[in-house]
file structure_18.pdb (PDB, C-alpha atoms)
ATOM      1  CA  MET A   1      34.560  -3.876 -75.589
ATOM      2  CA  LEU A   2      36.142  -7.219 -74.703
ATOM      3  CA  LEU A   3      36.726  -7.313 -70.951
ATOM      4  CA  GLU A   4      39.449  -9.972 -71.373
ATOM      5  CA  LYS A   5      41.666  -7.321 -72.950
ATOM      6  CA  TYR A   6      41.800  -5.448 -69.631
ATOM      7  CA  ILE A   7      42.977  -8.409 -67.565
ATOM      8  CA  ARG A   8      46.737  -8.686 -67.243
ATOM      9  CA  ASP A   9      48.597 -12.002 -67.074
ATOM     10  CA  ILE A  10      51.364 -12.033 -64.454
ATOM     11  CA  PRO A  11      53.541 -15.130 -64.832
ATOM     12  CA  ASP A  12      54.898 -16.915 -61.732
ATOM     13  CA  PHE A  13      52.658 -15.146 -59.185
ATOM     14  CA  PRO A  14      52.059 -15.935 -56.361
ATOM     15  CA  LYS A  15      54.502 -18.750 -57.175
ATOM     16  CA  LYS A  16      56.411 -20.322 -60.044
ATOM     17  CA  GLY A  17      54.280 -21.907 -62.747
ATOM     18  CA  ILE A  18      51.086 -19.997 -61.960
ATOM     19  CA  ILE A  19      49.800 -17.336 -64.349
ATOM     20  CA  PHE A  20      47.956 -14.804 -62.179
ATOM     21  CA  LYS A  21      44.952 -13.018 -63.644
ATOM     22  CA  ASP A  22      45.443  -9.400 -62.552
ATOM     23  CA  ILE A  23      42.142  -7.497 -62.491
ATOM     24  CA  THR A  24      43.614  -4.191 -61.279
ATOM     25  CA  THR A  25      44.075  -3.165 -64.928
ATOM     26  CA  LEU A  26      40.356  -3.728 -65.483
ATOM     27  CA  LEU A  27      39.394  -1.870 -62.300
ATOM     28  CA  ASN A  28      41.377   1.266 -63.059
ATOM     29  CA  ASN A  29      39.836   1.574 -66.518
ATOM     30  CA  LYS A  30      36.555   3.387 -65.938
ATOM     31  CA  LYS A  31      34.859   1.959 -69.024
ATOM     32  CA  ALA A  32      35.936  -1.629 -68.357
ATOM     33  CA  LEU A  33      34.893  -1.353 -64.708
ATOM     34  CA  ARG A  34      31.508   0.039 -65.702
ATOM     35  CA  GLN A  35      30.946  -2.647 -68.309
ATOM     36  CA  THR A  36      31.845  -5.405 -65.823
ATOM     37  CA  ILE A  37      29.169  -4.202 -63.400
ATOM     38  CA  ASP A  38      26.662  -3.743 -66.228
ATOM     39  CA  GLU A  39      27.290  -7.253 -67.602
ATOM     40  CA  LEU A  40      26.870  -8.803 -64.143
ATOM     41  CA  TYR A  41      23.658  -6.827 -63.757
ATOM     42  CA  GLU A  42      22.297  -8.006 -67.127
ATOM     43  CA  LYS A  43      22.977 -11.657 -66.248
ATOM     44  CA  LEU A  44      21.323 -11.388 -62.832
ATOM     45  CA  LYS A  45      18.614  -8.731 -63.051
ATOM     46  CA  ASN A  46      15.784 -11.229 -63.515
ATOM     47  CA  LYS A  47      16.734 -13.398 -60.505
ATOM     48  CA  LYS A  48      15.159 -12.897 -57.112
ATOM     49  CA  ILE A  49      18.030 -11.431 -55.084
ATOM     50  CA  ASP A  50      17.536  -9.807 -51.671
ATOM     51  CA  TYR A  51      21.214  -9.870 -50.658
ATOM     52  CA  ILE A  52      24.646 -10.327 -52.194
ATOM     53  CA  MET A  53      27.111 -12.381 -50.134
ATOM     54  CA  ALA A  54      30.797 -11.813 -50.972
ATOM     55  CA  ALA A  55      34.080 -12.607 -49.204
ATOM     56  CA  GLU A  56      36.996 -10.317 -48.442
ATOM     57  CA  SER A  57      38.973  -8.824 -49.937
ATOM     58  CA  ARG A  58      38.543  -9.129 -53.682
ATOM     59  CA  GLY A  59      34.942 -10.307 -53.483
ATOM     60  CA  PHE A  60      34.055  -6.964 -51.911
ATOM     61  CA  ILE A  61      35.197  -5.110 -55.026
ATOM     62  CA  PHE A  62      32.235  -5.947 -57.234
ATOM     63  CA  ALA A  63      29.623  -6.690 -54.572
ATOM     64  CA  THR A  64      28.510  -3.236 -53.495
ATOM     65  CA  ALA A  65      28.382  -1.767 -56.994
ATOM     66  CA  LEU A  66      26.213  -4.678 -58.085
ATOM     67  CA  ALA A  67      24.082  -4.445 -54.912
ATOM     68  CA  TYR A  68      23.521  -0.780 -55.729
ATOM     69  CA  LYS A  69      22.337  -1.618 -59.248
ATOM     70  CA  LEU A  70      20.219  -4.594 -58.153
ATOM     71  CA  LYS A  71      18.794  -2.540 -55.265
ATOM     72  CA  CYS A  72      19.595  -5.230 -52.701
ATOM     73  CA  GLY A  73      21.630  -5.501 -49.496
ATOM     74  CA  PHE A  74      25.258  -6.573 -49.130
ATOM     75  CA  VAL A  75      26.473  -9.178 -46.623
ATOM     76  CA  PRO A  76      30.246  -9.170 -46.076
ATOM     77  CA  ILE A  77      31.859 -12.576 -45.460
ATOM     78  CA  ARG A  78      35.088 -12.223 -43.532
ATOM     79  CA  LYS A  79      38.116 -14.061 -42.213
ATOM     80  CA  PRO A  80      37.824 -15.352 -38.625
ATOM     81  CA  GLY A  81      37.848 -12.722 -35.884
ATOM     82  CA  LYS A  82      36.996  -9.755 -38.128
ATOM     83  CA  LEU A  83      33.221  -9.627 -37.662
ATOM     84  CA  PRO A  84      32.264  -8.104 -34.317
ATOM     85  CA  TYR A  85      28.926  -9.852 -33.638
ATOM     86  CA  LYS A  86      27.916 -13.549 -33.297
ATOM     87  CA  THR A  87      28.956 -15.540 -36.365
ATOM     88  CA  TYR A  88      28.588 -18.798 -38.247
ATOM     89  CA  CYS A  89      31.838 -20.282 -39.550
ATOM     90  CA  ALA A  90      32.612 -22.499 -42.570
ATOM     91  CA  THR A  91      35.974 -24.163 -43.173
ATOM     92  CA  TYR A  92      37.434 -24.987 -46.576
ATOM     93  CA  ALA A  93      40.497 -26.811 -47.856
ATOM     94  CA  LEU A  94      43.557 -25.039 -49.212
ATOM     95  CA  GLU A  95      46.442 -26.677 -51.059
ATOM     96  CA  TYR A  96      48.029 -27.232 -47.653
ATOM     97  CA  GLY A  97      45.778 -26.985 -44.602
ATOM     98  CA  THR A  98      42.450 -25.204 -44.252
ATOM     99  CA  ASP A  99      41.004 -21.709 -43.955
ATOM    100  CA  SER A 100      37.706 -20.383 -42.613
ATOM    101  CA  LEU A 101      35.114 -17.735 -43.407
ATOM    102  CA  GLU A 102      32.502 -16.175 -41.161
ATOM    103  CA  VAL A 103      29.156 -14.418 -41.502
ATOM    104  CA  HIS A 104      27.030 -12.625 -38.913
ATOM    105  CA  ARG A 105      24.242 -14.865 -37.624
ATOM    106  CA  ASP A 106      21.679 -12.095 -38.090
ATOM    107  CA  ALA A 107      22.911 -11.051 -41.538
ATOM    108  CA  VAL A 108      19.743 -12.060 -43.414
ATOM    109  CA  PRO A 109      16.242 -13.204 -42.452
ATOM    110  CA  LYS A 110      15.274 -16.876 -42.959
ATOM    111  CA  ASN A 111      14.436 -17.831 -46.571
ATOM    112  CA  ALA A 112      16.067 -14.688 -47.949
ATOM    113  CA  HIS A 113      17.191 -15.022 -51.580
ATOM    114  CA  VAL A 114      20.935 -14.536 -51.910
ATOM    115  CA  LEU A 115      23.473 -14.188 -54.696
ATOM    116  CA  ILE A 116      26.960 -15.501 -53.924
ATOM    117  CA  LEU A 117      29.541 -13.387 -55.764
ATOM    118  CA  ASP A 118      33.311 -13.549 -56.179
ATOM    119  CA  ASP A 119      35.848 -12.121 -58.591
ATOM    120  CA  LEU A 120      37.323 -15.497 -59.548
ATOM    121  CA  LEU A 121      36.260 -19.159 -59.581
ATOM    122  CA  ALA A 122      39.345 -21.349 -59.284
ATOM    123  CA  THR A 123      39.012 -24.612 -57.334
ATOM    124  CA  GLY A 124      35.724 -23.436 -55.797
ATOM    125  CA  GLY A 125      36.774 -23.681 -52.152
ATOM    126  CA  THR A 126      35.809 -20.133 -51.198
ATOM    127  CA  ALA A 127      32.514 -20.245 -53.106
ATOM    128  CA  PHE A 128      31.576 -23.570 -51.529
ATOM    129  CA  ALA A 129      32.337 -22.188 -48.062
ATOM    130  CA  MET A 130      29.905 -19.353 -48.869
ATOM    131  CA  VAL A 131      27.286 -21.918 -49.941
ATOM    132  CA  LYS A 132      27.699 -23.556 -46.531
ATOM    133  CA  LEU A 133      27.313 -20.179 -44.784
ATOM    134  CA  ALA A 134      24.171 -19.387 -46.812
ATOM    135  CA  LYS A 135      22.701 -22.719 -45.669
ATOM    136  CA  LYS A 136      23.544 -21.987 -42.034
ATOM    137  CA  LEU A 137      21.623 -18.727 -42.469
ATOM    138  CA  SER A 138      18.662 -20.717 -43.926
ATOM    139  CA  ALA A 139      18.922 -18.585 -47.062
ATOM    140  CA  LYS A 140      17.972 -19.637 -50.595
ATOM    141  CA  ILE A 141      20.770 -19.410 -53.155
ATOM    142  CA  SER A 142      19.393 -17.793 -56.320
ATOM    143  CA  ALA A 143      22.688 -17.862 -58.207
ATOM    144  CA  ILE A 144      26.475 -17.914 -57.873
ATOM    145  CA  ALA A 145      28.369 -15.444 -60.055
ATOM    146  CA  PHE A 146      31.998 -14.733 -60.921
ATOM    147  CA  VAL A 147      33.788 -12.202 -63.077
ATOM    148  CA  ILE A 148      36.398 -14.799 -64.091
ATOM    149  CA  GLU A 149      36.153 -18.603 -64.221
ATOM    150  CA  LEU A 150      39.259 -20.764 -64.637
ATOM    151  CA  THR A 151      37.335 -23.649 -66.213
ATOM    152  CA  PHE A 152      40.388 -25.961 -66.330
ATOM    153  CA  LEU A 153      40.422 -26.108 -62.514
ATOM    154  CA  GLY A 154      36.892 -27.567 -62.439
ATOM    155  CA  GLY A 155      35.646 -25.519 -59.479
ATOM    156  CA  LYS A 156      32.125 -25.573 -60.916
ATOM    157  CA  LYS A 157      31.769 -29.240 -59.892
ATOM    158  CA  LYS A 158      31.779 -28.166 -56.235
ATOM    159  CA  LEU A 159      28.797 -25.904 -56.943
ATOM    160  CA  LYS A 160      26.570 -28.547 -58.617
ATOM    161  CA  GLY A 161      22.850 -27.840 -58.367
ATOM    162  CA  TYR A 162      23.233 -24.050 -58.365
ATOM    163  CA  PRO A 163      23.054 -21.719 -61.371
ATOM    164  CA  VAL A 164      26.627 -20.485 -61.963
ATOM    165  CA  HIS A 165      27.326 -17.400 -64.111
ATOM    166  CA  SER A 166      30.757 -16.184 -65.219
ATOM    167  CA  LEU A 167      31.601 -13.214 -67.423
ATOM    168  CA  ILE A 168      35.011 -14.378 -68.609
ATOM    169  CA  LYS A 169      36.125 -18.012 -68.995
ATOM    170  CA  TYR A 170      39.663 -19.313 -69.423
TER     171      TYR A 170
ATOM    172  CA  MET B   1      16.609   8.394 -43.252
ATOM    173  CA  LEU B   2      19.334   8.828 -40.652
ATOM    174  CA  LEU B   3      22.261   6.578 -41.561
ATOM    175  CA  GLU B   4      23.491   6.570 -37.936
ATOM    176  CA  LYS B   5      20.468   4.462 -37.010
ATOM    177  CA  TYR B   6      21.811   1.596 -39.126
ATOM    178  CA  ILE B   7      25.226   1.462 -37.476
ATOM    179  CA  ARG B   8      25.466  -0.939 -34.559
ATOM    180  CA  ASP B   9      27.621  -0.332 -31.492
ATOM    181  CA  ILE B  10      29.512  -3.426 -30.331
ATOM    182  CA  PRO B  11      31.097  -2.844 -26.919
ATOM    183  CA  ASP B  12      34.539  -4.277 -26.113
ATOM    184  CA  PHE B  13      35.479  -5.176 -29.708
ATOM    185  CA  PRO B  14      38.190  -5.813 -30.810
ATOM    186  CA  LYS B  15      39.260  -5.321 -27.189
ATOM    187  CA  LYS B  16      37.941  -4.183 -23.825
ATOM    188  CA  GLY B  17      36.962  -0.507 -23.626
ATOM    189  CA  ILE B  18      36.526   0.026 -27.377
ATOM    190  CA  ILE B  19      33.060   0.548 -28.835
ATOM    191  CA  PHE B  20      33.203  -0.845 -32.359
ATOM    192  CA  LYS B  21      31.084   0.810 -35.050
ATOM    193  CA  ASP B  22      29.581  -2.137 -36.954
ATOM    194  CA  ILE B  23      28.593  -1.146 -40.504
ATOM    195  CA  THR B  24      27.336  -4.602 -41.538
ATOM    196  CA  THR B  25      23.855  -3.599 -40.339
ATOM    197  CA  LEU B  26      23.977  -0.617 -42.694
ATOM    198  CA  LEU B  27      25.288  -2.706 -45.593
ATOM    199  CA  ASN B  28      22.607  -5.371 -45.409
ATOM    200  CA  ASN B  29      19.817  -2.784 -45.443
ATOM    201  CA  LYS B  30      19.273  -2.027 -49.119
ATOM    202  CA  LYS B  31      17.905   1.471 -48.518
ATOM    203  CA  ALA B  32      20.655   2.494 -46.084
ATOM    204  CA  LEU B  33      23.332   1.111 -48.404
ATOM    205  CA  ARG B  34      21.853   2.986 -51.357
ATOM    206  CA  GLN B  35      21.601   6.225 -49.411
ATOM    207  CA  THR B  36      25.228   5.940 -48.238
ATOM    208  CA  ILE B  37      26.464   5.710 -51.824
ATOM    209  CA  ASP B  38      24.122   8.517 -52.930
ATOM    210  CA  GLU B  39      25.275  10.825 -50.109
ATOM    211  CA  LEU B  40      28.940  10.186 -50.929
ATOM    212  CA  TYR B  41      28.148  10.903 -54.577
ATOM    213  CA  GLU B  42      26.385  14.188 -53.742
ATOM    214  CA  LYS B  43      29.356  15.389 -51.666
ATOM    215  CA  LEU B  44      31.891  14.519 -54.358
ATOM    216  CA  LYS B  45      30.166  14.850 -57.737
ATOM    217  CA  ASN B  46      31.559  18.327 -58.438
ATOM    218  CA  LYS B  47      35.200  17.401 -57.727
ATOM    219  CA  LYS B  48      37.580  16.365 -60.471
ATOM    220  CA  ILE B  49      38.051  12.645 -59.789
ATOM    221  CA  ASP B  50      39.654  10.265 -62.278
ATOM    222  CA  TYR B  51      40.282   7.431 -59.824
ATOM    223  CA  ILE B  52      39.219   6.300 -56.362
ATOM    224  CA  MET B  53      41.982   4.832 -54.187
ATOM    225  CA  ALA B  54      40.781   2.598 -51.326
ATOM    226  CA  ALA B  55      42.474   0.052 -49.075
ATOM    227  CA  GLU B  56      41.467  -3.512 -48.302
ATOM    228  CA  SER B  57      39.254  -4.872 -46.976
ATOM    229  CA  ARG B  58      36.592  -2.474 -45.749
ATOM    230  CA  GLY B  59      37.671   0.390 -47.988
ATOM    231  CA  PHE B  60      36.797  -1.765 -50.995
ATOM    232  CA  ILE B  61      33.160  -1.934 -49.900
ATOM    233  CA  PHE B  62      32.139   1.578 -50.906
ATOM    234  CA  ALA B  63      34.806   2.275 -53.526
ATOM    235  CA  THR B  64      33.492   0.459 -56.581
ATOM    236  CA  ALA B  65      29.867   1.510 -56.116
ATOM    237  CA  LEU B  66      30.996   5.123 -55.866
ATOM    238  CA  ALA B  67      33.391   4.718 -58.816
ATOM    239  CA  TYR B  68      30.456   3.390 -60.836
ATOM    240  CA  LYS B  69      28.357   6.456 -59.978
ATOM    241  CA  LEU B  70      31.208   8.936 -60.475
ATOM    242  CA  LYS B  71      32.191   7.182 -63.727
ATOM    243  CA  CYS B  72      35.832   6.875 -62.678
ATOM    244  CA  GLY B  73      38.367   4.071 -62.185
ATOM    245  CA  PHE B  74      39.142   2.180 -58.981
ATOM    246  CA  VAL B  75      42.670   1.609 -57.653
ATOM    247  CA  PRO B  76      42.899  -1.094 -54.963
ATOM    248  CA  ILE B  77      45.452  -0.493 -52.205
ATOM    249  CA  ARG B  78      46.541  -3.755 -50.624
ATOM    250  CA  LYS B  79      48.568  -5.317 -47.838
ATOM    251  CA  PRO B  80      52.171  -6.253 -48.772
ATOM    252  CA  GLY B  81      52.588  -9.179 -51.137
ATOM    253  CA  LYS B  82      49.027  -9.177 -52.479
ATOM    254  CA  LEU B  83      49.483  -7.073 -55.619
ATOM    255  CA  PRO B  84      51.119  -9.060 -58.407
ATOM    256  CA  TYR B  85      52.950  -6.296 -60.328
ATOM    257  CA  LYS B  86      55.620  -3.715 -59.323
ATOM    258  CA  THR B  87      54.481  -1.654 -56.337
ATOM    259  CA  TYR B  88      55.133   1.418 -54.224
ATOM    260  CA  CYS B  89      54.905   0.856 -50.480
ATOM    261  CA  ALA B  90      53.981   3.181 -47.588
ATOM    262  CA  THR B  91      54.404   2.326 -43.922
ATOM    263  CA  TYR B  92      52.240   3.614 -41.102
ATOM    264  CA  ALA B  93      52.256   3.364 -37.321
ATOM    265  CA  LEU B  94      49.937   1.090 -35.373
ATOM    266  CA  GLU B  95      49.420   1.146 -31.625
ATOM    267  CA  TYR B  96      52.311  -1.313 -31.400
ATOM    268  CA  GLY B  97      54.621  -1.558 -34.392
ATOM    269  CA  THR B  98      53.911  -0.655 -38.021
ATOM    270  CA  ASP B  99      51.968  -1.894 -41.027
ATOM    271  CA  SER B 100      52.323  -1.234 -44.750
ATOM    272  CA  LEU B 101      50.154  -0.690 -47.805
ATOM    273  CA  GLU B 102      51.025  -1.067 -51.477
ATOM    274  CA  VAL B 103      49.812   0.225 -54.827
ATOM    275  CA  HIS B 104      50.764  -0.776 -58.355
ATOM    276  CA  ARG B 105      53.325   1.630 -59.832
ATOM    277  CA  ASP B 106      51.344   1.908 -63.062
ATOM    278  CA  ALA B 107      47.942   2.300 -61.342
ATOM    279  CA  VAL B 108      47.318   5.881 -62.537
ATOM    280  CA  PRO B 109      48.975   8.257 -65.010
ATOM    281  CA  LYS B 110      50.972  11.249 -63.666
ATOM    282  CA  ASN B 111      48.856  14.180 -62.457
ATOM    283  CA  ALA B 112      45.704  12.064 -62.291
ATOM    284  CA  HIS B 113      43.071  13.405 -59.890
ATOM    285  CA  VAL B 114      42.315  10.924 -57.154
ATOM    286  CA  LEU B 115      39.817  10.538 -54.332
ATOM    287  CA  ILE B 116      41.059   8.674 -51.258
ATOM    288  CA  LEU B 117      38.171   6.767 -49.673
ATOM    289  CA  ASP B 118      37.760   4.667 -46.541
ATOM    290  CA  ASP B 119      34.875   3.491 -44.418
ATOM    291  CA  LEU B 120      36.205   4.974 -41.179
ATOM    292  CA  LEU B 121      38.575   7.769 -40.099
ATOM    293  CA  ALA B 122      40.047   6.897 -36.693
ATOM    294  CA  THR B 123      43.647   7.969 -36.003
ATOM    295  CA  GLY B 124      44.246   8.610 -39.712
ATOM    296  CA  GLY B 125      47.144   6.163 -40.163
ATOM    297  CA  THR B 126      45.659   4.275 -43.096
ATOM    298  CA  ALA B 127      44.437   7.412 -44.851
ATOM    299  CA  PHE B 128      47.825   9.109 -44.459
ATOM    300  CA  ALA B 129      49.562   6.032 -45.891
ATOM    301  CA  MET B 130      47.262   6.374 -48.908
ATOM    302  CA  VAL B 131      48.208  10.062 -49.199
ATOM    303  CA  LYS B 132      51.861   8.970 -49.334
ATOM    304  CA  LEU B 133      51.064   6.396 -52.022
ATOM    305  CA  ALA B 134      49.166   8.998 -54.080
ATOM    306  CA  LYS B 135      52.245  11.249 -53.922
ATOM    307  CA  LYS B 136      54.528   8.415 -55.014
ATOM    308  CA  LEU B 137      52.210   8.000 -58.020
ATOM    309  CA  SER B 138      52.521  11.787 -58.704
ATOM    310  CA  ALA B 139      48.725  12.019 -58.428
ATOM    311  CA  LYS B 140      46.734  15.044 -57.288
ATOM    312  CA  ILE B 141      44.477  14.456 -54.288
ATOM    313  CA  SER B 142      41.088  16.039 -54.997
ATOM    314  CA  ALA B 143      39.520  14.944 -51.701
ATOM    315  CA  ILE B 144      39.604  12.402 -48.901
ATOM    316  CA  ALA B 145      36.256  10.913 -47.894
ATOM    317  CA  PHE B 146      34.938   8.642 -45.146
ATOM    318  CA  VAL B 147      31.580   7.170 -44.268
ATOM    319  CA  ILE B 148      32.318   7.516 -40.530
ATOM    320  CA  GLU B 149      34.661   9.913 -38.713
ATOM    321  CA  LEU B 150      35.560   9.382 -35.051
ATOM    322  CA  THR B 151      36.305  13.063 -34.457
ATOM    323  CA  PHE B 152      37.506  12.516 -30.857
ATOM    324  CA  LEU B 153      40.547  10.611 -32.196
ATOM    325  CA  GLY B 154      41.698  13.641 -34.185
ATOM    326  CA  GLY B 155      42.738  11.742 -37.319
ATOM    327  CA  LYS B 156      41.867  14.753 -39.462
ATOM    328  CA  LYS B 157      44.996  16.546 -38.231
ATOM    329  CA  LYS B 158      47.139  14.049 -40.140
ATOM    330  CA  LEU B 159      45.292  15.027 -43.343
ATOM    331  CA  LYS B 160      45.793  18.794 -43.067
ATOM    332  CA  GLY B 161      45.725  20.644 -46.366
ATOM    333  CA  TYR B 162      43.308  18.231 -48.042
ATOM    334  CA  PRO B 163      39.521  18.575 -48.242
ATOM    335  CA  VAL B 164      38.094  15.908 -45.905
ATOM    336  CA  HIS B 165      34.440  14.810 -46.145
ATOM    337  CA  SER B 166      32.638  12.488 -43.718
ATOM    338  CA  LEU B 167      29.000  11.398 -43.791
ATOM    339  CA  ILE B 168      28.659  10.502 -40.108
ATOM    340  CA  LYS B 169      30.607  12.064 -37.245
ATOM    341  CA  TYR B 170      30.940  10.762 -33.688
TER     342      TYR B 170
END
call {"tool": "encode", "arguments": {"input": "structure_18.pdb", "output": "structure tokens"}}
result
Amino acid sequence: MLLEKYIRDIPDFPKKGIIFKDITTLLNNKKALRQTIDELYEKLKNKKIDYIMAAESRGFIFATALAYKLKCGFVPIRKPGKLPYKTYCATYALEYGTDSLEVHRDAVPKNAHVLILDDLLATGGTAFAMVKLAKKLSAKISAIAFVIELTFLGGKKKLKGYPVHSLIKY
Amino acid sequence: MLLEKYIRDIPDFPKKGIIFKDITTLLNNKKALRQTIDELYEKLKNKKIDYIMAAESRGFIFATALAYKLKCGFVPIRKPGKLPYKTYCATYALEYGTDSLEVHRDAVPKNAHVLILDDLLATGGTAFAMVKLAKKLSAKISAIAFVIELTFLGGKKKLKGYPVHSLIKY
């Protein structure tokens, strides 16, 4: 089964000229959803992974299912003000302005091995912010994984030095 | 293992007088996370469930892992403007004002059996908005499930007529 077949192109979303990769058509197909988790698992099962770090909202979608299969913990990365305990914060650039992500300071022990996971690698801003948060936690990054990579946007350059895995490349 | 032990109380969050139930300490413990998914699965495995509907962001956390175990699809419910295709919208009351949730119009076929899932049942506003969305999709609601139920807020009353399951009750 080719996972690409279950991803829907939506032209001009969120704005004119952009072709949005809609994963909801993959998620609501039970076989495609299952295969996505299984393929992520196969790519990552031999890495040392104690925790998966993933950012809201779409990063959460695959993180817990994969954490369940890998038998590891899940660390939610959230927008500012959402996490109730003491946090570290990392800022990243958007097309106009900046945005921030936060993680609980006690989310993982020092030297824990983490996987950074997201649904989509575009320009790499979100993933790089998660790299910065992992460093603030003194964690070791075992791998960075995505369901979809938009290779033409070159986001991988921001993640140099880390093993990057993607299931589907455009 | 008592799951309650892994939930952290944060006093005065998000505002004075509220004791916030922090699930991040459950999520980052691999055994507690695993047991949460397994307990949800045990409660729901004998229901007819074709799809799980869950709302961003925290609802996403348990939905895909449970969908994987139940071998069903996952339908993400999102804040307005996030879903790229044609949507149905349901509005619900907040303490001050209202908020809305959306679902893709083609998310499930007519008469599909759905489970509505969220991390926490408080006043029931979000869950009831998801009930309204399920009806707009002409789906049948097999059950509504939560990891945590704050029984003293009486949210269950809004969900009368549907089987409601909660793992942890306060």
call {"tool": "interface_residues", "arguments": {"input": "structure_18.pdb", "of": "chain A", "to": "chain B", "cutoff": "8 Å", "atoms": "only C-alpha atoms", "output": "ChimeraX atom specification"}}
result
/A:10,13-14,20,22,24-25,27-31,33-34,51,56-58,60-68,71-76,84-85,107-108
call {"tool": "atom_distance", "arguments": {"input": "structure_18.pdb", "atom1": "CA of Val147 in chain B", "atom2": "CA of Lys47 in chain B"}}
result
17.3 Å
call {"tool": "axis_aligned_box", "arguments": {"input": "structure_18.pdb", "around": "range 101-119 of chain A", "padding_each_side": "6 Å", "output": "JSON"}}
result
{"center_x": 25.1, "center_y": -14.4, "center_z": -48.1, "size_x": 33.4, "size_y": 18.8, "size_z": 33.0}
call {"tool": "closest_residue", "arguments": {"input": "structure_18.pdb", "among": "A:Ala90, A:Ala122, A:Met130, A:Ala139", "to": "Pro109 in chain A", "atoms": "all atoms listed in the file"}}
result
A:Ala139
call {"tool": "atom_distance", "arguments": {"input": "structure_18.pdb", "atom1": "CA of Leu121 in chain B", "atom2": "CA of Glu149 in chain B"}}
result
4.7 Å
call {"tool": "resolve_selection", "arguments": {"input": "structure_18.pdb", "expression": "the PyMOL selection byres ((chain B and resi 150-166) around 9)", "output": "number ranges by chain"}}
result
B: 40, 43-44, 120-125, 127-128, 131, 141-149, 167-170
call {"tool": "atom_distance", "arguments": {"input": "structure_18.pdb", "atom1": "CA of Arg105 in chain B", "atom2": "CA of Glu4 in chain A"}}
result
21.5 Å
